[in-house]
Structure formats: C-alpha cells, structure tokens
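Shown here: data_28.tsv, TSV, C-alpha atoms.
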chain	number	residue	atom	x	y	z
A	1	MET	CA	89.48	17.19	39.68
A	2	LEU	CA	89.55	15.13	36.51
A	3	LEU	CA	91.73	15.96	33.53
A	4	ARG	CA	91.29	14.34	30.14
A	5	VAL	CA	94.13	14.57	27.61
A	6	LEU	CA	92.26	15.26	24.38
A	7	GLY	CA	95.41	15.54	22.26
A	8	SER	CA	98.99	14.76	23.25
A	9	ALA	CA	101.07	15.70	20.19
A	10	ALA	CA	102.53	19.04	19.16
A	11	GLY	CA	101.40	21.00	16.10
A	12	GLY	CA	100.82	18.73	13.11
A	13	GLY	CA	99.98	15.70	15.24
A	14	SER	CA	101.59	12.28	14.92
A	15	PRO	CA	102.10	11.29	12.20
A	16	GLN	CA	102.43	14.71	10.60
A	17	TRP	CA	100.88	14.78	7.14
A	18	ASN	CA	104.05	15.79	5.27
A	19	CYS	CA	106.69	14.03	7.37
A	20	GLY	CA	108.44	10.75	6.64
A	21	CYS	CA	110.76	10.75	9.67
A	22	PRO	CA	111.41	7.40	11.42
A	23	VAL	CA	108.78	8.03	14.10
A	24	CYS	CA	106.05	9.04	11.63
A	25	THR	CA	106.90	6.01	9.48
A	26	GLU	CA	106.51	3.70	12.49
A	27	VAL	CA	103.19	5.25	13.48
A	28	ARG	CA	101.86	4.91	9.92
A	29	SER	CA	102.80	1.24	9.95
A	30	ARG	CA	100.57	0.91	13.04
A	31	SER	CA	103.55	0.07	15.24
A	32	GLY	CA	102.87	3.21	17.26
A	33	LEU	CA	99.85	5.16	18.46
A	34	ALA	CA	98.60	8.08	16.39
A	35	ARG	CA	98.08	11.30	18.33
A	36	THR	CA	96.09	14.47	17.75
A	37	GLN	CA	97.25	17.99	18.55
A	38	SER	CA	97.70	19.19	22.11
A	39	SER	CA	94.68	20.04	24.26
A	40	VAL	CA	93.13	18.99	27.58
A	41	ALA	CA	89.76	19.26	29.34
A	42	VAL	CA	89.33	19.73	33.10
A	43	SER	CA	86.34	19.33	35.43
A	44	THR	CA	85.62	18.96	39.13
A	45	ASP	CA	82.05	17.66	38.77
A	46	ARG	CA	82.11	15.84	35.41
A	47	ARG	CA	79.27	18.11	34.25
A	48	ARG	CA	81.06	21.38	33.47
A	49	TRP	CA	84.29	21.19	31.51
A	50	PHE	CA	87.01	23.71	30.75
A	51	LEU	CA	89.02	23.31	27.57
A	52	ILE	CA	92.67	24.36	27.66
A	53	ASN	CA	93.71	25.19	24.10
A	54	ALA	CA	91.53	24.51	21.08
A	55	SER	CA	93.47	22.46	18.58
A	56	PRO	CA	92.58	21.99	14.91
A	57	ASP	CA	91.49	18.47	15.95
A	58	VAL	CA	88.94	19.70	18.52
A	59	ARG	CA	85.88	18.25	16.78
A	60	THR	CA	87.39	14.75	16.68
A	61	GLN	CA	88.56	15.12	20.27
A	62	ILE	CA	85.10	16.11	21.51
A	63	GLU	CA	83.45	13.22	19.67
A	64	ALA	CA	85.96	10.80	21.24
A	65	PHE	CA	84.96	11.90	24.76
A	66	PRO	CA	81.27	11.36	25.63
A	67	ALA	CA	81.45	13.72	28.63
A	68	LEU	CA	81.76	16.60	26.14
A	69	HIS	CA	78.80	15.57	24.01
A	70	PRO	CA	75.70	17.86	23.89
A	71	ARG	CA	72.76	17.18	26.19
A	72	GLY	CA	69.56	16.91	24.22
A	73	ASP	CA	69.47	20.07	22.15
A	74	ARG	CA	72.60	22.20	21.70
A	75	THR	CA	73.39	22.59	25.38
A	76	THR	CA	77.07	21.82	25.78
A	77	PRO	CA	78.99	20.87	28.93
A	78	LEU	CA	81.88	22.97	27.62
A	79	GLU	CA	81.93	26.03	29.92
A	80	ALA	CA	84.89	27.94	28.52
A	81	ALA	CA	88.21	27.73	26.72
A	82	LEU	CA	91.53	28.86	28.18
A	83	LEU	CA	94.53	29.53	25.94
A	84	THR	CA	98.21	29.24	26.78
A	85	ASP	CA	99.25	31.30	23.73
A	86	ALA	CA	98.11	32.37	20.27
A	87	GLU	CA	99.85	29.64	18.24
A	88	LEU	CA	97.70	28.23	15.44
A	89	ASP	CA	97.87	24.68	16.77
A	90	HIS	CA	96.30	25.95	20.02
A	91	THR	CA	93.72	28.33	18.55
A	92	LEU	CA	92.47	27.17	15.13
A	93	GLY	CA	89.96	24.94	16.87
A	94	LEU	CA	88.14	28.03	18.09
A	95	LEU	CA	86.77	28.46	14.57
A	96	LEU	CA	85.31	24.95	14.78
A	97	LEU	CA	83.38	26.01	17.89
A	98	ARG	CA	81.64	28.81	16.00
A	99	GLU	CA	78.17	27.24	16.39
A	100	ALA	CA	78.28	27.98	20.12
A	101	ARG	CA	75.54	30.23	21.49
A	102	THR	CA	78.27	32.09	23.37
A	103	LEU	CA	81.92	31.19	23.76
A	104	ARG	CA	83.66	32.24	26.97
A	105	LEU	CA	87.36	32.68	26.32
A	106	TYR	CA	90.17	33.24	28.82
A	107	THR	CA	93.38	34.67	27.37
A	108	THR	CA	96.07	37.13	28.32
A	109	PRO	CA	95.76	40.61	26.81
A	110	ALA	CA	98.80	39.80	24.64
A	111	THR	CA	97.16	36.70	23.22
A	112	ARG	CA	93.90	38.54	22.63
A	113	THR	CA	95.76	41.25	20.71
A	114	THR	CA	97.45	38.64	18.55
A	115	LEU	CA	94.16	36.83	17.85
A	116	CYS	CA	92.57	40.12	16.84
A	117	ASP	CA	95.29	41.99	14.99
A	118	GLY	CA	97.71	39.25	14.04
A	119	SER	CA	96.07	35.97	13.06
A	120	GLY	CA	92.59	37.48	12.75
A	121	ILE	CA	91.02	34.40	14.35
A	122	LEU	CA	88.97	36.30	16.93
A	123	PRO	CA	87.27	38.75	14.51
A	124	THR	CA	86.41	35.81	12.24
A	125	LEU	CA	84.94	33.83	15.15
A	126	GLU	CA	82.91	36.83	16.31
A	127	ARG	CA	81.15	36.94	12.95
A	128	TYR	CA	79.59	33.59	13.85
A	129	CYS	CA	79.01	33.67	17.61
A	130	PRO	CA	79.31	36.04	20.57
A	131	VAL	CA	82.65	35.77	22.37
A	132	GLU	CA	82.79	36.62	26.07
A	133	TRP	CA	86.44	37.49	26.68
A	134	ARG	CA	87.89	37.34	30.17
A	135	ALA	CA	91.42	38.39	31.04
A	136	ALA	CA	93.82	35.69	32.21
A	137	THR	CA	96.43	37.98	33.70
A	138	PRO	CA	99.78	36.45	34.70
A	139	GLY	CA	100.07	36.44	38.47
A	140	ALA	CA	96.30	36.48	38.98
A	141	ASP	CA	93.94	33.80	40.28
A	142	LEU	CA	90.75	32.92	38.43
A	143	ALA	CA	87.63	31.36	39.93
A	144	LEU	CA	86.49	29.09	37.10
A	145	ALA	CA	83.71	27.24	38.91
A	146	ASP	CA	82.61	26.24	42.38
A	147	GLY	CA	85.57	24.45	43.87
A	148	LEU	CA	87.90	25.07	40.93
A	149	SER	CA	90.41	27.90	40.84
A	150	CYS	CA	93.26	28.62	38.49
A	151	ARG	CA	96.47	30.61	38.77
A	152	VAL	CA	97.89	32.07	35.56
A	153	PHE	CA	101.67	32.41	35.32
A	154	ASP	CA	103.95	33.91	32.70
A	155	VAL	CA	106.29	31.61	30.75
A	156	PRO	CA	109.18	33.71	29.39
A	157	THR	CA	110.20	32.94	25.82
A	158	THR	CA	112.67	34.32	23.30
A	159	LYS	CA	111.19	32.57	20.27
A	160	PRO	CA	110.16	34.95	17.50
A	161	ALA	CA	106.51	35.99	17.60
A	162	ARG	CA	104.41	34.53	14.79
A	163	PHE	CA	102.57	37.81	14.41
A	164	ALA	CA	103.84	41.36	14.92
A	165	ALA	CA	101.00	42.19	17.31
A	166	ALA	CA	102.37	39.92	20.03
A	167	VAL	CA	104.24	41.39	23.00
A	168	ASP	CA	106.58	39.57	25.34
A	169	HIS	CA	104.70	39.66	28.67
A	170	GLY	CA	101.90	37.12	28.66
A	171	ARG	CA	102.71	35.77	25.19
A	172	VAL	CA	102.98	32.27	26.67
A	173	VAL	CA	101.43	31.23	29.99
A	174	GLY	CA	100.88	28.15	32.09
A	175	TYR	CA	98.00	27.27	34.38
A	176	ARG	CA	98.03	25.89	37.92
A	177	LEU	CA	94.56	24.52	38.70
A	178	THR	CA	93.43	23.73	42.23
A	179	ASP	CA	90.52	21.63	43.42
A	180	GLN	CA	89.49	23.59	46.52
A	181	ARG	CA	87.78	20.58	48.08
A	182	SER	CA	90.54	17.99	47.75
A	183	GLY	CA	93.49	20.38	47.66
A	184	GLY	CA	94.80	18.66	44.54
A	185	THR	CA	96.85	20.83	42.19
A	186	LEU	CA	97.50	20.33	38.51
A	187	VAL	CA	99.95	22.33	36.38
A	188	TYR	CA	99.51	22.43	32.60
A	189	LEU	CA	102.60	23.71	30.82
A	190	PRO	CA	102.74	22.54	27.18
A	191	GLY	CA	105.33	25.13	26.15
A	192	VAL	CA	108.39	26.07	28.22
A	193	GLN	CA	111.81	27.22	27.06
A	194	SER	CA	113.60	27.32	30.41
A	195	LEU	CA	112.74	26.31	33.96
A	196	THR	CA	113.44	29.69	35.51
A	197	PRO	CA	113.31	30.18	39.30
A	198	ALA	CA	109.88	31.83	38.96
A	199	LEU	CA	108.53	28.88	36.95
A	200	ARG	CA	109.96	26.38	39.40
A	201	MET	CA	108.02	28.07	42.20
A	202	GLU	CA	104.77	27.68	40.23
A	203	ILE	CA	105.42	23.99	39.62
A	204	GLU	CA	106.89	22.83	42.93
A	205	ASP	CA	104.96	20.25	44.94
A	206	CYS	CA	101.99	20.10	42.55
A	207	THR	CA	99.97	16.89	42.60
A	208	CYS	CA	100.38	16.40	38.84
A	209	LEU	CA	102.48	18.18	36.22
A	210	LEU	CA	101.79	17.99	32.49
A	211	ILE	CA	104.82	19.52	30.82
A	212	ASP	CA	106.33	20.28	27.43
A	213	GLY	CA	107.88	17.19	25.83
A	214	THR	CA	108.29	18.60	22.31
A	215	CYS	CA	111.77	17.27	21.49
A	216	TRP	CA	114.01	14.64	23.02
A	217	ARG	CA	117.23	16.32	21.90
A	218	ASP	CA	117.82	20.02	21.45
A	219	ASP	CA	119.15	19.42	17.92
A	220	GLU	CA	116.56	16.76	17.03
A	221	LEU	CA	115.18	18.47	13.91
A	222	VAL	CA	118.66	19.55	12.80
A	223	ARG	CA	119.96	15.97	12.97
A	224	LEU	CA	117.04	14.75	10.89
A	225	GLY	CA	117.60	17.47	8.28
A	226	LEU	CA	114.09	18.84	8.84
A	227	SER	CA	114.95	22.29	10.20
A	228	GLY	CA	117.84	24.55	11.05
A	229	LYS	CA	116.23	25.39	14.40
A	230	THR	CA	116.88	23.72	17.73
A	231	SER	CA	114.20	22.88	20.24
A	232	ARG	CA	115.12	25.93	22.32
A	233	ASP	CA	115.05	28.12	19.20
A	234	MET	CA	111.39	27.13	18.87
A	235	GLY	CA	110.69	27.93	22.53
A	236	HIS	CA	110.82	24.39	23.95
A	237	LEU	CA	113.12	22.89	26.58
A	238	PRO	CA	114.43	19.52	25.35
A	239	ILE	CA	113.97	16.45	27.53
A	240	ASP	CA	117.50	15.03	27.26
A	241	GLY	CA	120.83	16.56	28.23
A	242	PRO	CA	122.46	17.75	31.46
A	243	ASP	CA	120.19	20.80	31.58
A	244	GLY	CA	117.16	19.18	29.93
A	245	SER	CA	113.83	18.71	31.65
A	246	LEU	CA	114.52	15.08	32.59
A	247	ALA	CA	117.48	16.19	34.72
A	248	GLN	CA	115.68	19.14	36.32
A	249	LEU	CA	112.17	17.89	37.03
A	250	PRO	CA	112.83	15.50	39.95
A	251	SER	CA	113.88	18.42	42.18
A	252	LEU	CA	110.43	19.99	41.74
A	253	ARG	CA	108.76	17.14	43.67
A	254	ALA	CA	105.63	16.86	41.53
A	255	GLY	CA	103.50	13.92	42.58
A	256	ARG	CA	103.17	12.75	38.97
A	257	THR	CA	104.95	14.06	35.87
A	258	ILE	CA	103.55	13.51	32.37
A	259	PHE	CA	105.07	14.73	29.11
A	260	VAL	CA	102.62	16.28	26.63
A	261	HIS	CA	102.94	18.22	23.36
A	262	MET	CA	105.41	15.79	21.76
A	263	ASN	CA	106.67	16.66	18.29
A	264	ASN	CA	106.14	14.02	15.61
A	265	THR	CA	109.91	13.41	15.53
A	266	ASN	CA	110.26	12.61	19.24
A	267	PRO	CA	111.23	8.94	19.82
A	268	ILE	CA	109.39	8.81	23.16
A	269	LEU	CA	106.19	8.56	21.09
A	270	LEU	CA	107.15	4.92	20.41
A	271	GLU	CA	106.85	2.42	23.25
A	272	ASP	CA	109.91	0.30	22.46
A	273	THR	CA	112.60	2.98	22.17
A	274	PRO	CA	115.51	3.55	24.59
A	275	GLU	CA	114.29	7.13	25.04
A	276	ARG	CA	110.84	5.98	26.22
A	277	ARG	CA	112.44	3.51	28.62
A	278	THR	CA	114.64	6.27	30.02
A	279	VAL	CA	111.60	8.43	30.73
A	280	GLU	CA	109.77	5.59	32.46
A	281	GLU	CA	112.81	4.48	34.44
A	282	ASN	CA	112.92	8.01	35.84
A	283	GLY	CA	109.35	7.65	37.08
A	284	MET	CA	107.78	9.89	34.44
A	285	GLU	CA	105.09	9.23	31.84
A	286	VAL	CA	104.29	9.96	28.20
A	287	ALA	CA	100.73	11.09	27.54
A	288	ILE	CA	98.44	9.45	25.01
A	289	ASP	CA	95.16	10.77	23.64
A	290	GLY	CA	92.40	9.79	26.03
A	291	LEU	CA	94.56	9.60	29.15
A	292	GLU	CA	92.56	10.54	32.25
A	293	VAL	CA	94.18	11.89	35.40
A	294	GLN	CA	92.37	12.11	38.73
A	295	VAL	CA	93.84	14.80	40.99

When written as structure tokens, how does the structure in this file appear?
Amino acid sequence: MLLRVLGSAAGGGSPQWNCGCPVCTEVRSRSGLARTQSSVAVSTDRRRWFLINASPDVRTQIEAFPALHPRGDRTTPLEAALLTDAELDHTLGLLLLREARTLRLYTTPATRTTLCDGSGILPTLERYCPVEWRAATPGADLALADGLSCRVFDVPTTKPARFAAAVDHGRVVGYRLTDQRSGGTLVYLPGVQSLTPALRMEIEDCTCLLIDGTCWRDDELVRLGLSGKTSRDMGHLPIDGPDGSLAQLPSLRAGRTIFVHMNNTNPILLEDTPERRTVEENGMEVAIDGLEVQV
C-alpha cells in the first residue's frame, strides 16, 4: 500500500492568507516550506487511487502528483473519495471535481446529511455530475478494491457543529486501511479531540499512523491573540502537555507516527524550532506535501 500526502496543513494552509503569526511570516520569507490543506491518496497497485478528504487545494495537489493525472482522454485513476467529516477544508474540493463522469463518495450518514442540508455542497455537486454515495458506517469494514479494505471508526467530538444538520454519531471518523496481501495497516486520523479507549484500540499496533497535529499547545491561538478557543475547543488534541498526543502515542506501538493537519500557527512546521526537535527526538515525524509512505 502506498500513501501520498497531498496536503499536510490544516484549514487555510501554511501560510494562511490573512495571518501574520511568526510561523506564517517565516514561511513567507521562504525559511519554511509552504503547505496545502490536508488530504491524502492511497493505492495498492499505483493504478487506482482513493482520495481521503477533498481540500480546496485538490486541483493543485492532483497536478503535483503524476499518478493522479488522466490517461489519454478523461479517464482518471481516482476511484473514489472518502471523507472524515463535513468541514469545508475537507469537502470544498469536491466542487472542483465536478467534471467527473461519476464521483463515488464514501461518507457517514451524518456527513451526507450535513453536505446536503447544511453546507449544500452535495446538491450543488450533483447539478454537475452524478454522485454515487456509499455509506461509511462507523464500526463497519469496506472493501475498496482488490486487496484493500478499510475499517471506519467513530471519533467522538464535543466541538460545535458547523451546520445544524450534523448529528453526533459519525460526525467525525477515522479510517484504518489494510493491505490484505502484505498485512500492512495504515490509520488516517486528521482530527481527534481525545484518545479514548475505543480509539486507542483502533490505532494500536498499526504499521503507520497519520494523526492530528493541529496545535502544539492547547492555548496556542489564545497566546497569539488570534482566537479565544483552545485546541480542544476546536476538536483537536494538542501535541504538547502531560496529556497531549506526544505523551500518549508511544504506548500505542505504531510502527511509524506522522503528524498531519498542522495549523498555520504550529511551530513544528518549521525545521529549526525546539518543538520540531522534540517531535523528532521522540521518534515521530512531521508530514510535508508530497511525502510518500510505503506500508
């Protein structure tokens, strides 16, 4: 199984267009790498690819990865899109895929309801192309392709729903993908508020874990004067702290742990910061756009 990180930043990317925080300033000065908004592509044969989340940067991300380019006419190697939630930074890219002959879309019923009745993205998309919806039910296994299966698991969250149509169960999910031939397992979890016992069971002993790295500190945005909300208020477990992800993840025994979905304010985006060194000294990694992981 091959995973390509198409975008490694949280909503807004890095640098964010209206942010002058220290990290965005460094990236603009070309001292740090720019990043697009969070999304990955997965394949077991390098011919058929599954997109997980469709960011507003999806066109640029596809053009940057030749394996996703069309073959001759308008035949695309993109088989389907899977969504972890209905947030705009994970779904607006669907509208940029509207030229598809048919778009196969895996979402939970809760996310589908939000896309229909809340954001209105799905009805808009359906005016341009047929959408083949398939339920990604938490607790269920999906057969995506020959040799590739996927388990959907619920990610509990207390963050306020963006749209009134959303319900709690299935509002945010993660995916555990398994290559049936090699036995390799990959968990993609770009949004997690708390590592509950149920979530820990889904993650334990996976070959590779790509996990929420939104904020370094819980009060990161508060300290910078950019928001009154903490990382947990926004539905994201911070990396630092006695109960942060950095302290908890080693016990889960993932073969490789990579932080994704970093907010533009997170100092681990810069290579020469103490926070980045702390992550690396703990045997973990920080994703960049274009990173490829063989599982």

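Those residues positioned at most 12 Å from (86.2, 11.4, 20.2) are Arg4, Val5, Leu6, Gly7, Thr36, Asp57, Val58, Arg59, Thr60, Gln61, Ile62, Glu63, Ala64, Phe65, Pro66, Ala67, Leu68, His69, Asp289 and Gly290 of chain A, judged using all atoms listed in the file.
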
* A:Ser194: which residues within 10 Å, counting all atoms listed in the file, same-chain residues fewer than 4 positions away excluded, as JSON, numbers by chain? -> {"A": [155, 156, 157, 199, 200, 232, 235, 236, 237, 238, 243, 244, 245]}

* Looking at A:Arg134, A:His90, A:Arg277, A:Arg223, which one is nearest to A:Pro56, with distances taken over all atoms listed in the file? -> A:His90

Go ahead and fit an axis-aligned box to every listed atom of stretch 102-119 of chain A plus 8 Å each side, and pass me the centre and edge lengths in Å, one decimal, as lines of an AutoDock Vina configuration file.
center_x = 88.5
center_y = 36.6
center_z = 20.9
size_x = 36.5
size_y = 26.8
size_z = 31.8

* Pick out the residues sitting within 9 Å of A:Leu82, and hand them over as a PyMOL selection string; count all atoms listed in the file, and ignore anything fewer than 5 positions along from it in its own chain. => chain A and resi 50-54+104-107+136

Interface rows for stretch 239-268 of chain A against stretch 170-192 of chain A: nearest pair, Å to one decimal, 9 Å, only C-alpha atoms, as JSON lines:
{"residue": "A:Phe259", "atom": "CA", "partner": "A:Pro190", "partner_atom": "CA", "distance": 8.4}
{"residue": "A:Val260", "atom": "CA", "partner": "A:Pro190", "partner_atom": "CA", "distance": 6.3}
{"residue": "A:His261", "atom": "CA", "partner": "A:Pro190", "partner_atom": "CA", "distance": 5.8}

Find the residues around A:Cys19 up to 9 Å (only C-alpha atoms counted), leave out those fewer than 6 positions away in its own chain, and share them as a CSV table (one decimal) with C-alpha atoms, in the coordinates of the input.
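Contents of part_8.csv, freshly written:
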chain,number,residue,atom,x,y,z
A,25,THR,CA,106.9,6.0,9.5
A,226,LEU,CA,114.1,18.8,8.8
A,264,ASN,CA,106.1,14.0,15.6
A,265,THR,CA,109.9,13.4,15.5

* **Top pick for closest residue to A:Leu249, considering A:Glu99, A:Arg30, A:Leu88, A:Leu209 and counting all atoms listed in the file** => A:Leu209

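Those residues that approach A:Ser43 to within 7 Å, counting only C-alpha atoms, are Met1, Leu2, Leu3, Arg48, Trp49 and Phe50 of chain A; same-chain residues fewer than 4 positions away are not listed.
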
Go ahead and write the residues just picked, C-alpha atoms, as a tab-separated table (two decimals), in the coordinates of the input.
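Heads up, here's the output in out-v7.tsv:
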chain	number	residue	atom	x	y	z
A	1	MET	CA	89.48	17.19	39.68
A	2	LEU	CA	89.55	15.13	36.51
A	3	LEU	CA	91.73	15.96	33.53
A	48	ARG	CA	81.06	21.38	33.47
A	49	TRP	CA	84.29	21.19	31.51
A	50	PHE	CA	87.01	23.71	30.75

* Asked: Got a sec: who's within 9 Å of stretch 31-33 of chain A, counting all atoms listed in the file, leaving out chain neighbours fewer than 5 positions off, as a ChimeraX atom specification?
  -> /A:14,23-26,269-271,288-289

* Asked: Which value, in Å to one decimal, gives the distance between atom CA of A:Ala100 and atom CA of A:Leu148?
  -> 23.1 Å

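For the atom pair formed by atom CA of A:Leu125 and atom CA of A:Glu87, the distance is 15.8 Å, given to one decimal.
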
Output stretch 141-152 of chain A as a compact mmCIF listing (two decimals), in the frame of the given file, making sure all heavy atoms are there.
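Saved as result.txt:
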# COMPACT_ATOMS: atom_id res chain seq x y z
N ASP A 141 94.72 35.02 40.06
CA ASP A 141 93.94 33.80 40.28
C ASP A 141 92.56 33.96 39.68
O ASP A 141 91.94 35.02 39.78
CB ASP A 141 93.82 33.50 41.77
CG ASP A 141 95.16 33.13 42.40
OD1 ASP A 141 95.90 32.35 41.77
OD2 ASP A 141 95.46 33.63 43.50
N LEU A 142 92.07 32.91 39.04
CA LEU A 142 90.75 32.92 38.43
C LEU A 142 89.86 31.92 39.15
O LEU A 142 90.29 30.80 39.45
CB LEU A 142 90.84 32.52 36.95
CG LEU A 142 91.75 33.35 36.04
CD1 LEU A 142 91.82 32.69 34.67
CD2 LEU A 142 91.23 34.78 35.92
N ALA A 143 88.62 32.28 39.41
CA ALA A 143 87.63 31.36 39.93
C ALA A 143 86.83 30.84 38.74
O ALA A 143 85.97 31.54 38.20
CB ALA A 143 86.71 32.05 40.93
N LEU A 144 87.14 29.63 38.30
CA LEU A 144 86.49 29.09 37.10
C LEU A 144 85.11 28.54 37.40
O LEU A 144 84.18 28.70 36.61
CB LEU A 144 87.38 28.00 36.49
CG LEU A 144 88.75 28.45 35.97
CD1 LEU A 144 89.51 27.25 35.42
CD2 LEU A 144 88.61 29.53 34.90
N ALA A 145 84.98 27.86 38.52
CA ALA A 145 83.71 27.24 38.91
C ALA A 145 83.76 26.98 40.39
O ALA A 145 84.81 27.13 41.03
CB ALA A 145 83.48 25.94 38.12
N ASP A 146 82.62 26.58 40.96
CA ASP A 146 82.61 26.24 42.38
C ASP A 146 83.62 25.14 42.65
O ASP A 146 83.56 24.05 42.07
CB ASP A 146 81.22 25.76 42.80
CG ASP A 146 80.19 26.88 42.78
OD1 ASP A 146 80.61 28.05 42.77
OD2 ASP A 146 78.98 26.57 42.74
N GLY A 147 84.59 25.45 43.49
CA GLY A 147 85.57 24.45 43.87
C GLY A 147 86.76 24.35 42.95
O GLY A 147 87.67 23.56 43.19
N LEU A 148 86.78 25.14 41.87
CA LEU A 148 87.90 25.07 40.93
C LEU A 148 88.47 26.46 40.70
O LEU A 148 87.78 27.36 40.21
CB LEU A 148 87.45 24.48 39.58
CG LEU A 148 88.54 24.38 38.49
CD1 LEU A 148 89.67 23.46 38.93
CD2 LEU A 148 87.94 23.89 37.18
N SER A 149 89.72 26.62 41.08
CA SER A 149 90.41 27.90 40.84
C SER A 149 91.64 27.65 39.99
O SER A 149 92.11 26.52 39.84
CB SER A 149 90.82 28.56 42.17
OG SER A 149 91.77 27.77 42.85
N CYS A 150 92.16 28.74 39.44
CA CYS A 150 93.26 28.62 38.49
C CYS A 150 94.19 29.81 38.64
O CYS A 150 93.74 30.96 38.69
CB CYS A 150 92.69 28.57 37.06
SG CYS A 150 93.91 28.59 35.76
N ARG A 151 95.46 29.55 38.74
CA ARG A 151 96.47 30.61 38.77
C ARG A 151 97.15 30.67 37.41
O ARG A 151 97.59 29.65 36.87
CB ARG A 151 97.50 30.36 39.86
CG ARG A 151 98.61 31.42 39.90
CD ARG A 151 99.52 31.26 41.09
NE ARG A 151 100.66 32.17 41.03
CZ ARG A 151 100.62 33.43 41.39
NH1 ARG A 151 99.48 33.95 41.83
NH2 ARG A 151 101.68 34.20 41.31
N VAL A 152 97.25 31.85 36.84
CA VAL A 152 97.89 32.07 35.56
C VAL A 152 99.32 32.54 35.82
O VAL A 152 99.54 33.43 36.65
CB VAL A 152 97.14 33.14 34.73
CG1 VAL A 152 97.70 33.22 33.32
CG2 VAL A 152 95.65 32.87 34.73
